[in-house]
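J.: The structure file model21.txt (compact mmCIF, C-alpha atoms) is provided below.
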# COMPACT_ATOMS: atom_id res chain seq x y z
CA MET A 1 82.30 -149.73 8.11
CA ILE A 2 79.00 -148.40 9.48
CA HIS A 3 76.00 -150.68 9.90
CA THR A 4 72.48 -149.33 10.08
CA MET A 5 69.95 -151.01 12.35
CA ILE A 6 66.27 -150.40 12.91
CA GLU A 7 64.87 -151.19 16.33
CA ASN A 8 61.35 -152.50 15.90
CA SER A 9 60.60 -153.16 19.57
CA ALA A 10 59.88 -149.50 20.29
CA PRO A 11 56.44 -148.04 19.49
CA ARG A 12 58.07 -145.99 16.76
CA PRO A 13 60.93 -147.64 14.91
CA GLN A 14 64.21 -145.90 15.62
CA LEU A 15 67.22 -145.84 13.39
CA TYR A 16 70.59 -146.57 14.98
CA GLN A 17 74.03 -146.66 13.42
CA GLN A 18 76.48 -149.17 14.71
CA VAL A 19 80.10 -148.38 14.02
CA GLY A 20 82.22 -151.41 13.22
CA THR A 21 85.49 -151.97 15.11
CA ASP A 22 87.51 -151.75 11.89
CA TYR A 23 86.19 -148.25 11.35
CA CYS A 24 87.31 -147.19 14.83
CA LYS A 25 90.71 -148.83 14.47
CA ASP A 26 91.27 -147.13 11.11
CA ASN A 27 90.42 -143.71 12.55
CA VAL A 28 92.65 -144.27 15.58
CA HIS A 29 95.42 -145.52 13.31
CA HIS A 30 95.16 -142.39 11.11
CA ALA A 31 95.14 -140.17 14.19
CA ASP A 32 98.23 -141.97 15.51
CA GLU A 33 99.98 -141.53 12.15
CA ALA A 34 99.23 -137.80 12.16
CA ASP A 35 100.52 -137.53 15.72
CA VAL A 36 103.69 -139.43 14.82
CA ASP A 37 104.22 -137.26 11.73
CA THR A 38 103.86 -134.11 13.83
CA LYS A 39 106.33 -135.37 16.43
CA LEU A 40 108.81 -136.47 13.76
CA SER A 41 108.64 -133.04 12.13
CA ARG A 42 109.33 -131.37 15.48
CA LEU A 43 112.21 -133.73 16.19
CA CYS A 44 113.74 -133.05 12.77
CA GLU A 45 113.50 -129.30 13.38
CA GLN A 46 115.07 -129.68 16.81
CA ASP A 47 117.83 -131.92 15.40
CA LYS A 48 118.62 -129.31 12.77
CA ALA A 49 118.79 -126.60 15.46
CA VAL A 50 121.09 -128.77 17.61
CA ARG A 51 123.40 -129.46 14.66
CA THR A 52 123.58 -125.75 13.88
CA GLN A 53 124.45 -124.96 17.50
CA GLU A 54 127.11 -127.71 17.52
CA GLU A 55 128.69 -126.24 14.39
CA LYS A 56 128.73 -122.79 15.99
CA MET A 57 130.31 -124.19 19.16
CA GLN A 58 133.00 -125.99 17.15
CA GLN A 59 133.77 -122.81 15.24
CA LEU A 60 134.00 -120.79 18.48
CA HIS A 61 136.26 -123.45 19.98
CA ARG A 62 138.57 -123.34 16.95
CA GLU A 63 138.71 -119.55 17.14
CA LYS A 64 139.50 -119.65 20.86
CA VAL A 65 142.29 -122.21 20.33
CA GLU A 66 143.74 -120.11 17.51
CA GLN A 67 143.59 -117.00 19.69
CA CYS A 68 145.30 -118.78 22.59
CA LEU A 69 148.02 -120.08 20.28
CA SER A 70 148.68 -116.66 18.84
CA VAL A 71 148.91 -115.14 22.35
CA CYS A 72 151.29 -117.92 23.44
CA LEU A 73 153.44 -117.44 20.36
CA CYS A 74 153.59 -113.69 20.90
CA HIS A 75 154.66 -114.10 24.53
CA HIS A 76 157.16 -116.76 23.57
CA MET A 77 158.78 -114.60 20.92
CA THR A 78 159.02 -111.54 23.15
CA PRO A 79 162.46 -111.37 24.85
Output the structure of this file as structure tokens.

T.:
Amino acid sequence: MIHTMIENSAPRPQLYQQVGTDYCKDNVHHADEADVDTKLSRLCEQDKAVRTQEEKMQQLHREKVEQCLSVCLCHHMTP
């Protein structure tokens, strides 16, 4: 909420606006919410990237284990 005041003590009255504390708190609160939303969006994107990388690593690990097993089996079967 903004309050308007007129100072009559000066030779020419001057108009001042006094900003209420609720107004400041609301603006800070909205700025904080926007900042939090931005950070949450970034974290979600990073989490998705990490999950994708984990899936790729698991797939590569499975492929490596399968390859090792097939090599072991081939050497084992060779007289």

J.: What is the CA of Gln67 (chain A) to CA of Glu55 (chain A) distance in Å?

T.: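 Interatomic distance, CA of Gln67 (chain A) to CA of Glu55 (chain A): 18.3 Å.
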
J.: Could you please determine the separation between CA of Leu60 (chain A) and CA of Lys48 (chain A) in Å, to one decimal place?

T.: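 Separation of CA of Leu60 (chain A) and CA of Lys48 (chain A): 18.5 Å.
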
J.: Have a look at CA of Leu73 (chain A) and CA of Met57 (chain A) and let me know their distance in Å, one decimal.

T.: 24.1 Å

J.: Mind rebuilding region 35-71 of chain A with N, CA and C atoms and writing that out as a tab-separated table (two decimals), in the frame of the given file?

T.:
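To be explicit, this is the file written out as result-v1.tsv:
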chain	number	residue	atom	x	y	z
A	35	ASP	N	99.79	-137.91	14.52
A	35	ASP	CA	100.52	-137.53	15.72
A	35	ASP	C	102.00	-137.86	15.57
A	36	VAL	N	102.29	-139.02	15.03
A	36	VAL	CA	103.69	-139.43	14.82
A	36	VAL	C	104.36	-138.50	13.81
A	37	ASP	N	103.65	-138.17	12.73
A	37	ASP	CA	104.22	-137.26	11.73
A	37	ASP	C	104.55	-135.90	12.34
A	38	THR	N	103.64	-135.41	13.18
A	38	THR	CA	103.86	-134.11	13.83
A	38	THR	C	105.08	-134.17	14.73
A	39	LYS	N	105.18	-135.24	15.52
A	39	LYS	CA	106.33	-135.37	16.43
A	39	LYS	C	107.63	-135.53	15.66
A	40	LEU	N	107.60	-136.30	14.57
A	40	LEU	CA	108.81	-136.47	13.76
A	40	LEU	C	109.25	-135.14	13.16
A	41	SER	N	108.30	-134.36	12.69
A	41	SER	CA	108.64	-133.04	12.13
A	41	SER	C	109.31	-132.16	13.18
A	42	ARG	N	108.74	-132.17	14.40
A	42	ARG	CA	109.33	-131.37	15.48
A	42	ARG	C	110.73	-131.86	15.82
A	43	LEU	N	110.89	-133.18	15.87
A	43	LEU	CA	112.21	-133.73	16.19
A	43	LEU	C	113.23	-133.37	15.11
A	44	CYS	N	112.82	-133.42	13.86
A	44	CYS	CA	113.74	-133.05	12.77
A	44	CYS	C	114.15	-131.58	12.88
A	45	GLU	N	113.18	-130.71	13.21
A	45	GLU	CA	113.50	-129.30	13.38
A	45	GLU	C	114.47	-129.11	14.55
A	46	GLN	N	114.21	-129.80	15.64
A	46	GLN	CA	115.07	-129.68	16.81
A	46	GLN	C	116.46	-130.23	16.51
A	47	ASP	N	116.54	-131.34	15.76
A	47	ASP	CA	117.83	-131.92	15.40
A	47	ASP	C	118.62	-130.94	14.54
A	48	LYS	N	117.94	-130.29	13.62
A	48	LYS	CA	118.62	-129.31	12.77
A	48	LYS	C	119.15	-128.15	13.61
A	49	ALA	N	118.35	-127.69	14.59
A	49	ALA	CA	118.79	-126.60	15.46
A	49	ALA	C	119.99	-127.04	16.30
A	50	VAL	N	119.97	-128.26	16.81
A	50	VAL	CA	121.09	-128.77	17.61
A	50	VAL	C	122.35	-128.85	16.76
A	51	ARG	N	122.23	-129.35	15.55
A	51	ARG	CA	123.40	-129.46	14.66
A	51	ARG	C	123.99	-128.09	14.36
A	52	THR	N	123.12	-127.12	14.14
A	52	THR	CA	123.58	-125.75	13.88
A	52	THR	C	124.33	-125.21	15.09
A	53	GLN	N	123.79	-125.43	16.29
A	53	GLN	CA	124.45	-124.96	17.50
A	53	GLN	C	125.80	-125.67	17.69
A	54	GLU	N	125.85	-126.97	17.40
A	54	GLU	CA	127.11	-127.71	17.52
A	54	GLU	C	128.16	-127.15	16.57
A	55	GLU	N	127.75	-126.83	15.35
A	55	GLU	CA	128.69	-126.24	14.39
A	55	GLU	C	129.21	-124.90	14.89
A	56	LYS	N	128.31	-124.08	15.45
A	56	LYS	CA	128.73	-122.79	15.99
A	56	LYS	C	129.71	-122.97	17.14
A	57	MET	N	129.42	-123.93	18.02
A	57	MET	CA	130.31	-124.19	19.16
A	57	MET	C	131.68	-124.65	18.68
A	58	GLN	N	131.73	-125.52	17.68
A	58	GLN	CA	133.00	-125.99	17.15
A	58	GLN	C	133.79	-124.84	16.55
A	59	GLN	N	133.10	-123.97	15.84
A	59	GLN	CA	133.77	-122.81	15.24
A	59	GLN	C	134.33	-121.89	16.33
A	60	LEU	N	133.52	-121.64	17.37
A	60	LEU	CA	134.00	-120.79	18.48
A	60	LEU	C	135.19	-121.44	19.18
A	61	HIS	N	135.15	-122.74	19.35
A	61	HIS	CA	136.26	-123.45	19.98
A	61	HIS	C	137.54	-123.31	19.14
A	62	ARG	N	137.40	-123.49	17.83
A	62	ARG	CA	138.57	-123.34	16.95
A	62	ARG	C	139.15	-121.93	17.05
A	63	GLU	N	138.25	-120.93	17.05
A	63	GLU	CA	138.71	-119.55	17.14
A	63	GLU	C	139.41	-119.28	18.47
A	64	LYS	N	138.89	-119.84	19.54
A	64	LYS	CA	139.50	-119.65	20.86
A	64	LYS	C	140.88	-120.30	20.92
A	65	VAL	N	141.00	-121.51	20.36
A	65	VAL	CA	142.29	-122.21	20.33
A	65	VAL	C	143.30	-121.41	19.50
A	66	GLU	N	142.86	-120.90	18.35
A	66	GLU	CA	143.74	-120.11	17.51
A	66	GLU	C	144.19	-118.84	18.24
A	67	GLN	N	143.25	-118.22	18.95
A	67	GLN	CA	143.59	-117.00	19.69
A	67	GLN	C	144.58	-117.31	20.81
A	68	CYS	N	144.37	-118.39	21.52
A	68	CYS	CA	145.30	-118.78	22.59
A	68	CYS	C	146.69	-119.08	22.03
A	69	LEU	N	146.73	-119.77	20.89
A	69	LEU	CA	148.02	-120.08	20.28
A	69	LEU	C	148.75	-118.82	19.85
A	70	SER	N	148.02	-117.89	19.28
A	70	SER	CA	148.68	-116.66	18.84
A	70	SER	C	149.20	-115.86	20.03
A	71	VAL	N	148.45	-115.84	21.14
A	71	VAL	CA	148.91	-115.14	22.35
A	71	VAL	C	150.15	-115.84	22.90
